[in-house]
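Participant: See entry_18.txt below, with compact mmCIF, C-alpha atoms.
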```txt
# COMPACT_ATOMS: atom_id res chain seq x y z
CA MET A 1 -11.63 23.03 12.63
CA LYS A 2 -7.94 23.62 13.16
CA THR A 3 -6.04 25.14 10.22
CA ASN A 4 -2.30 25.12 9.55
CA PRO A 5 0.31 26.59 9.26
CA GLU A 6 0.18 29.23 12.00
CA ASN A 7 0.92 32.01 9.48
CA ILE A 8 -1.79 30.88 7.09
CA SER A 9 -3.53 34.28 7.10
CA GLU A 10 -0.25 35.97 6.20
CA LEU A 11 0.31 33.52 3.32
CA LEU A 12 -3.12 34.28 1.90
CA GLN A 13 -2.78 38.06 1.71
CA GLY A 14 -3.33 39.82 -1.62
CA PRO A 15 -5.96 39.78 -4.38
CA ASP A 16 -4.62 36.58 -5.96
CA HIS A 17 -5.67 34.59 -2.89
CA ALA A 18 -9.23 35.88 -2.49
CA ALA A 19 -10.78 32.51 -3.37
CA HIS A 20 -8.47 30.65 -1.00
CA ARG A 21 -9.39 33.06 1.80
CA GLN A 22 -13.05 32.20 1.24
CA VAL A 23 -12.25 28.50 1.51
CA LEU A 24 -10.15 29.10 4.64
CA ALA A 25 -12.99 31.02 6.28
CA GLN A 26 -15.41 28.16 5.63
CA LEU A 27 -12.94 25.58 6.95
CA GLU A 28 -12.45 27.57 10.14
CA LEU A 29 -16.22 27.89 10.61
CA GLY A 30 -16.81 24.15 10.15
CA GLN A 31 -18.25 22.37 13.18
CA GLU A 32 -16.77 18.97 12.33
CA LEU A 33 -13.61 18.00 14.20
CA GLY A 34 -10.47 17.79 12.10
CA GLN A 35 -7.60 19.69 10.58
CA ALA A 36 -6.73 21.42 7.31
CA ILE A 37 -3.44 22.58 5.82
CA TYR A 38 -2.86 25.29 3.26
CA PHE A 39 -0.22 24.33 0.68
CA PRO A 40 1.22 27.56 -0.72
CA ARG A 41 2.47 27.39 -4.29
CA GLU A 42 3.66 29.81 -6.90
CA ASP A 43 1.39 28.74 -9.75
CA ALA A 44 -2.39 28.77 -9.72
CA PHE A 45 -2.72 25.20 -11.00
CA GLY A 46 -0.07 23.25 -9.13
CA GLN A 47 -0.26 19.47 -9.00
CA ARG A 48 -0.99 19.32 -5.29
CA PRO A 49 -4.18 20.41 -3.54
CA GLY A 50 -4.61 23.85 -2.05
CA PHE A 51 -6.00 22.31 1.15
CA PRO A 52 -5.55 18.74 2.41
CA VAL A 53 -8.41 18.28 4.87
CA ALA A 54 -9.00 15.56 7.47
CA LEU A 55 -12.33 15.03 9.25
CA GLU A 56 -12.37 12.88 12.38
CA GLY A 57 -14.43 9.74 11.95
CA HIS A 58 -14.85 10.43 8.23
CA THR A 59 -11.84 10.52 5.89
CA TYR A 60 -9.26 12.74 4.16
CA PHE A 61 -9.83 15.13 1.26
CA SER A 62 -7.55 16.85 -1.23
CA VAL A 63 -9.38 20.13 -1.90
CA TYR A 64 -8.53 22.14 -5.03
CA VAL A 65 -9.73 25.74 -5.33
CA VAL A 66 -10.82 26.34 -8.94
CA THR A 67 -11.03 29.95 -10.12
CA GLN A 68 -11.04 29.55 -13.92
CA PRO A 69 -13.70 27.95 -16.16
CA HIS A 70 -13.10 24.32 -17.09
CA ALA A 71 -14.44 22.01 -19.76
CA VAL A 72 -13.76 18.54 -21.15
CA GLU A 73 -12.25 17.93 -24.58
CA ASP A 74 -11.35 14.47 -25.88
CA GLU A 75 -12.03 13.07 -22.39
CA ARG A 76 -9.45 15.44 -20.87
CA LEU A 77 -10.09 18.23 -18.39
CA VAL A 78 -9.08 21.59 -19.88
CA VAL A 79 -8.91 25.24 -18.80
CA VAL A 80 -11.07 27.66 -20.79
CA PRO A 81 -9.33 31.09 -21.04
CA GLN A 82 -11.60 33.87 -19.83
CA SER A 83 -10.16 36.20 -22.45
CA GLY A 84 -10.76 33.74 -25.29
CA GLY A 85 -8.25 31.69 -27.20
CA SER A 86 -7.33 28.04 -27.15
CA THR A 87 -8.00 25.75 -24.22
CA THR A 88 -5.09 24.14 -22.38
CA PRO A 89 -4.88 20.85 -20.45
CA SER A 90 -5.72 21.42 -16.80
CA PRO A 91 -3.28 20.23 -14.13
CA LEU A 92 -6.40 19.48 -12.10
CA GLY A 93 -6.72 16.41 -14.28
CA HIS A 94 -4.03 15.01 -11.97
CA ALA A 95 -6.31 15.24 -8.91
CA PRO A 96 -7.27 11.52 -8.85
CA THR A 97 -3.70 10.26 -9.27
CA GLN A 98 -2.42 12.83 -6.78
CA ALA A 99 -4.90 11.47 -4.22
CA VAL A 100 -3.57 7.95 -4.83
CA ALA A 101 0.01 9.21 -4.49
CA LEU A 102 -0.80 11.02 -1.24
CA SER A 103 -2.43 7.92 0.20
CA GLY A 104 0.54 5.76 -0.78
CA GLU A 105 3.06 8.23 0.60
CA VAL A 106 1.37 8.36 4.01
CA LYS A 107 1.17 4.56 4.13
CA ARG A 108 4.90 4.24 3.40
CA ALA A 109 5.94 6.98 5.83
CA LEU A 110 3.54 6.50 8.74
CA ARG A 111 1.94 3.08 8.13
CA TYR A 112 -1.56 4.59 8.11
CA ARG A 113 -3.94 3.43 5.39
CA ILE A 114 -5.81 6.59 4.47
CA TYR A 115 -8.64 7.12 2.01
CA VAL A 116 -8.35 10.41 0.12
CA VAL A 117 -11.28 11.93 -1.78
CA PRO A 118 -10.25 14.58 -4.35
CA VAL A 119 -12.61 17.57 -4.41
CA LEU A 120 -12.71 20.44 -6.93
CA VAL A 121 -14.39 23.56 -5.50
CA PHE A 122 -15.46 25.85 -8.35
CA MET A 123 -15.53 29.38 -6.96
CA ALA A 124 -16.50 31.55 -9.94
CA GLU A 125 -19.11 29.38 -11.64
CA GLY A 126 -20.53 25.92 -11.31
CA PRO A 127 -18.99 23.03 -13.26
CA ASP A 128 -20.93 22.22 -16.41
CA ASN A 129 -22.40 18.81 -17.12
CA THR A 130 -19.32 17.55 -18.96
CA VAL A 131 -17.03 18.47 -16.06
CA GLN A 132 -19.36 16.79 -13.57
CA ALA A 133 -19.42 13.70 -15.80
CA TRP A 134 -15.61 13.75 -15.89
CA GLY A 135 -15.62 13.87 -12.10
CA ILE A 136 -18.01 10.94 -11.89
CA GLU A 137 -15.81 8.87 -14.20
CA HIS A 138 -12.57 9.67 -12.40
CA GLY A 139 -13.67 9.67 -8.76
CA VAL A 140 -13.58 13.42 -8.18
CA ALA A 141 -16.28 15.30 -6.26
CA THR A 142 -17.23 18.66 -7.77
CA LEU A 143 -18.72 21.42 -5.62
CA PHE A 144 -19.97 24.92 -6.48
CA THR A 145 -18.87 27.68 -4.04
CA ALA A 146 -17.27 27.13 -0.64
CA ASP A 147 -20.47 27.70 1.35
CA ARG A 148 -20.82 25.23 4.24
CA LEU A 149 -17.76 23.48 2.86
CA VAL A 150 -16.95 21.30 5.88
CA GLU A 151 -20.53 20.11 6.25
CA ARG A 152 -20.68 19.29 2.53
CA LEU A 153 -17.42 17.35 2.74
CA ALA A 154 -18.85 15.32 5.61
CA GLN A 155 -21.99 14.70 3.54
CA ILE A 156 -19.87 13.31 0.71
CA VAL A 157 -18.54 10.71 3.14
CA ARG A 158 -21.98 9.86 4.47
CA ASP A 159 -23.13 9.23 0.91
CA LEU A 160 -20.21 7.01 -0.05
CA GLY A 161 -21.27 3.75 -1.65
CA THR A 162 -18.02 2.05 -0.57
CA PRO A 163 -17.26 1.85 3.19
CA ILE A 164 -14.17 3.55 4.56
CA TYR A 165 -12.58 0.85 6.68
CA HIS A 166 -10.18 3.11 8.57
CA PRO A 167 -11.90 6.40 9.52
CA PRO A 168 -9.20 8.64 11.01
CA HIS A 169 -9.10 9.48 14.72
CA ALA A 170 -7.60 12.60 16.31
CA GLU A 171 -4.18 11.09 17.03
CA GLU A 172 -3.78 9.77 13.49
CA ILE A 173 -4.87 13.08 11.98
CA ALA A 174 -2.38 14.98 14.14
CA ARG A 175 0.49 12.78 12.94
CA VAL A 176 -0.58 12.77 9.29
CA MET A 177 -1.10 16.52 9.11
CA ALA A 178 2.19 17.22 10.91
CA TYR A 179 3.93 15.03 8.34
CA LEU A 180 2.19 16.63 5.35
CA GLY A 181 2.89 20.12 6.65
CA ALA A 182 6.60 19.55 7.25
CA PRO A 183 8.62 22.17 5.29
CA GLU A 184 11.19 19.63 4.17
CA ARG A 185 8.61 17.16 2.82
CA PRO A 186 8.84 16.77 -0.98
CA VAL A 187 5.71 16.70 -3.11
CA ALA A 188 4.45 13.15 -3.64
CA THR A 189 5.63 11.71 -6.94
CA ILE A 190 2.84 11.35 -9.48
CA PRO A 191 2.76 10.33 -13.12
CA SER A 192 3.50 13.14 -15.55
CA ARG A 193 0.38 12.63 -17.65
CA PRO A 194 -3.17 13.63 -16.64
CA VAL A 195 -5.96 11.14 -16.08
CA GLY A 196 -7.25 9.82 -19.39
CA GLU A 197 -3.71 9.04 -20.57
CA MET A 198 -2.68 6.85 -17.65
CA THR A 199 -0.98 3.52 -18.26
CA LEU A 200 -1.01 0.40 -16.10
CA GLU A 201 2.38 1.48 -14.74
CA ALA A 202 0.61 4.20 -12.77
CA GLY A 203 0.02 1.57 -10.08
CA ILE A 204 -3.72 2.05 -9.67
CA ALA A 205 -5.27 -1.28 -8.69
CA ALA A 206 -8.77 0.10 -8.34
CA ARG A 207 -10.41 3.43 -8.88
CA GLN A 208 -13.31 5.31 -7.40
CA VAL A 209 -16.28 6.45 -9.41
CA VAL A 210 -18.19 9.33 -7.82
CA ILE A 211 -21.84 9.48 -8.85
CA GLN A 212 -23.10 13.02 -8.24
CA ARG A 213 -26.71 14.10 -8.39
CA ALA A 214 -27.36 17.58 -6.99
CA ASP A 215 -25.91 17.43 -3.45
CA VAL A 216 -25.76 13.63 -3.25
CA VAL A 217 -22.48 11.90 -3.99
CA ASN A 218 -22.03 8.14 -4.06
CA VAL A 219 -18.72 6.35 -4.53
CA TYR A 220 -18.20 2.87 -5.91
CA THR A 221 -14.93 1.00 -6.46
CA THR A 222 -14.44 -0.69 -9.82
CA GLY A 223 -11.63 -1.92 -12.00
CA GLY A 224 -8.99 -4.63 -11.71
CA GLY A 225 -7.63 -5.90 -8.42
CA ALA A 226 -8.97 -5.87 -4.90
CA ALA A 227 -10.34 -2.76 -3.29
CA ILE A 228 -7.77 -0.62 -1.49
CA ASP A 229 -8.03 1.84 1.39
CA GLY A 230 -7.15 4.76 -0.80
CA PRO A 231 -8.71 6.46 -3.80
```
Please rewrite the model in this file as structure tokens.
Facilitator:
Amino acid sequence: MKTNPENISELLQGPDHAAHRQVLAQLELGQELGQAIYFPREDAFGQRPGFPVALEGHTYFSVYVVTQPHAVEDERLVVVPQSGGSTTPSPLGHAPTQAVALSGEVKRALRYRIYVVPVLVFMAEGPDNTVQAWGIEHGVATLFTADRLVERLAQIVRDLGTPIYHPPHAEEIARVMAYLGAPERPVATIPSRPVGEMTLEAGIAARQVVIQRADVVNVYTTGGGAAIDGP
């Protein structure tokens, strides 16, 4: 798999990027055709994915590298401090709406209708049952470790309960990834509140529900309005 930008290894130097280097190594080892981009950011829990990934003939993914324990409180995803203390709302709660925003942005800019699956990769410890249930409810796949990451992403697509009507081809992926990786591109606008507090103004006509059992993930589309070619 091709990874971008060209100086990606330089960007991931230092102890703070150890988990991202593990993900990068697995992406580069993946046998599926496609591309991935590393999105550098200053904070550990930015509102955009660490790695947008595209697999030819499958779909697009927004991959978040999770290095701190998470839990669910009052139906909201929260970060559990490793040193103790109070939990805080996790920006990763924005993953589903960020996927919708990314899909909409690409459609407006390039006229491609892309389907984006948000994926949280827990590096330090597996997500507990409440976090997996939160993922099921909000259309987010949850994985433990980055081992065989590309193959597991492809398996998620093969297990989808809803067909992807526009699987990306090489030319589309090249254009989409070049657009997403452009230095001057602003971050897609997303609502300021995490999932669980979204209003109808968020513009979500339908939402995915990911049903995860062990390594099997199924996706169904529910909610008001017709199904769309985006999460």
Participant: Contacts of region 180-183 of chain A at 12 Å or less, counting only C-alpha atoms, minus same-chain residues fewer than 2 places along, as a ChimeraX atom specification?
Facilitator: /A:3-6,8,35-40,48-49,51-54,62,102-103,105-106,109-110,173-178,185-188
Participant: I'd like the box whose edges run along x, y and z of the file and which contains every listed atom of region 122-126 of chain A, padded by 8 Å per side; could you state its centre and edge lengths in Å, one decimal, as AutoDock Vina command-line options?
Facilitator:
```
--center_x -18.0 --center_y 28.7 --center_z -9.3 --size_x 21.1 --size_y 21.7 --size_z 20.7
```
Participant: For Tyr179 (chain A), which residue among A:Gly135, A:Pro167, A:Thr142, A:Tyr112 is the nearest when counting all atoms listed in the file?
Facilitator: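 Looking only at the distances to Tyr179 (chain A), the closest residue turns out to be A:Tyr112.
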Participant: Compile the contact shell of Ala124 (chain A) as a VMD selection string: residues with an atom at most 12 Å away, counting all atoms listed in the file, same-chain residues fewer than 2 positions apart removed.
Facilitator: chain A and resid 18 to 19 22 65 to 70 82 121 to 122 126 to 127 143 to 146
Participant: My list of candidates is A:Val117, A:Leu55, A:Ile164, A:Val150. Which is closest to Leu29 (chain A) when distances are computed with only C-alpha atoms?
Facilitator: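 Ranked by minimum distance to Leu29 (chain A), first place goes to A:Val150.
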Participant: Would you please work out which residue, of A:Gly139, A:Leu12, A:His20, A:Glu28, is nearest to Gly161 (chain A) when using only C-alpha atoms?
Facilitator: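 Selected residue with least distance to Gly161 (chain A): A:Gly139.
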Participant: Rounded to one decimal, what separation in Å do you get between CA of Gln31 (chain A) and CA of Lys107 (chain A)?
Facilitator: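 Computing the Euclidean distance for CA of Gln31 (chain A) and CA of Lys107 (chain A) yields 27.9 Å.
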Participant: Do you have the CA of Gly85 (chain A)-CA of Met123 (chain A) distance handy?
Facilitator: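 If I compute the distance from CA of Gly85 (chain A) to CA of Met123 (chain A), I get 21.6 Å.
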Participant: Nearest to Thr59 (chain A) among A:Glu172, A:Glu73, A:Glu10, A:Glu137, with distances taken over all atoms listed in the file: which residue is it?
Facilitator: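 Looking only at the distances to Thr59 (chain A), the closest residue turns out to be A:Glu172.
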Participant: Would you mind reading off the distance between CA of Asn7 (chain A) and CA of Gly34 (chain A), one decimal, in Å?
Facilitator: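 Between CA of Asn7 (chain A) and CA of Gly34 (chain A) the gap is 18.4 Å.
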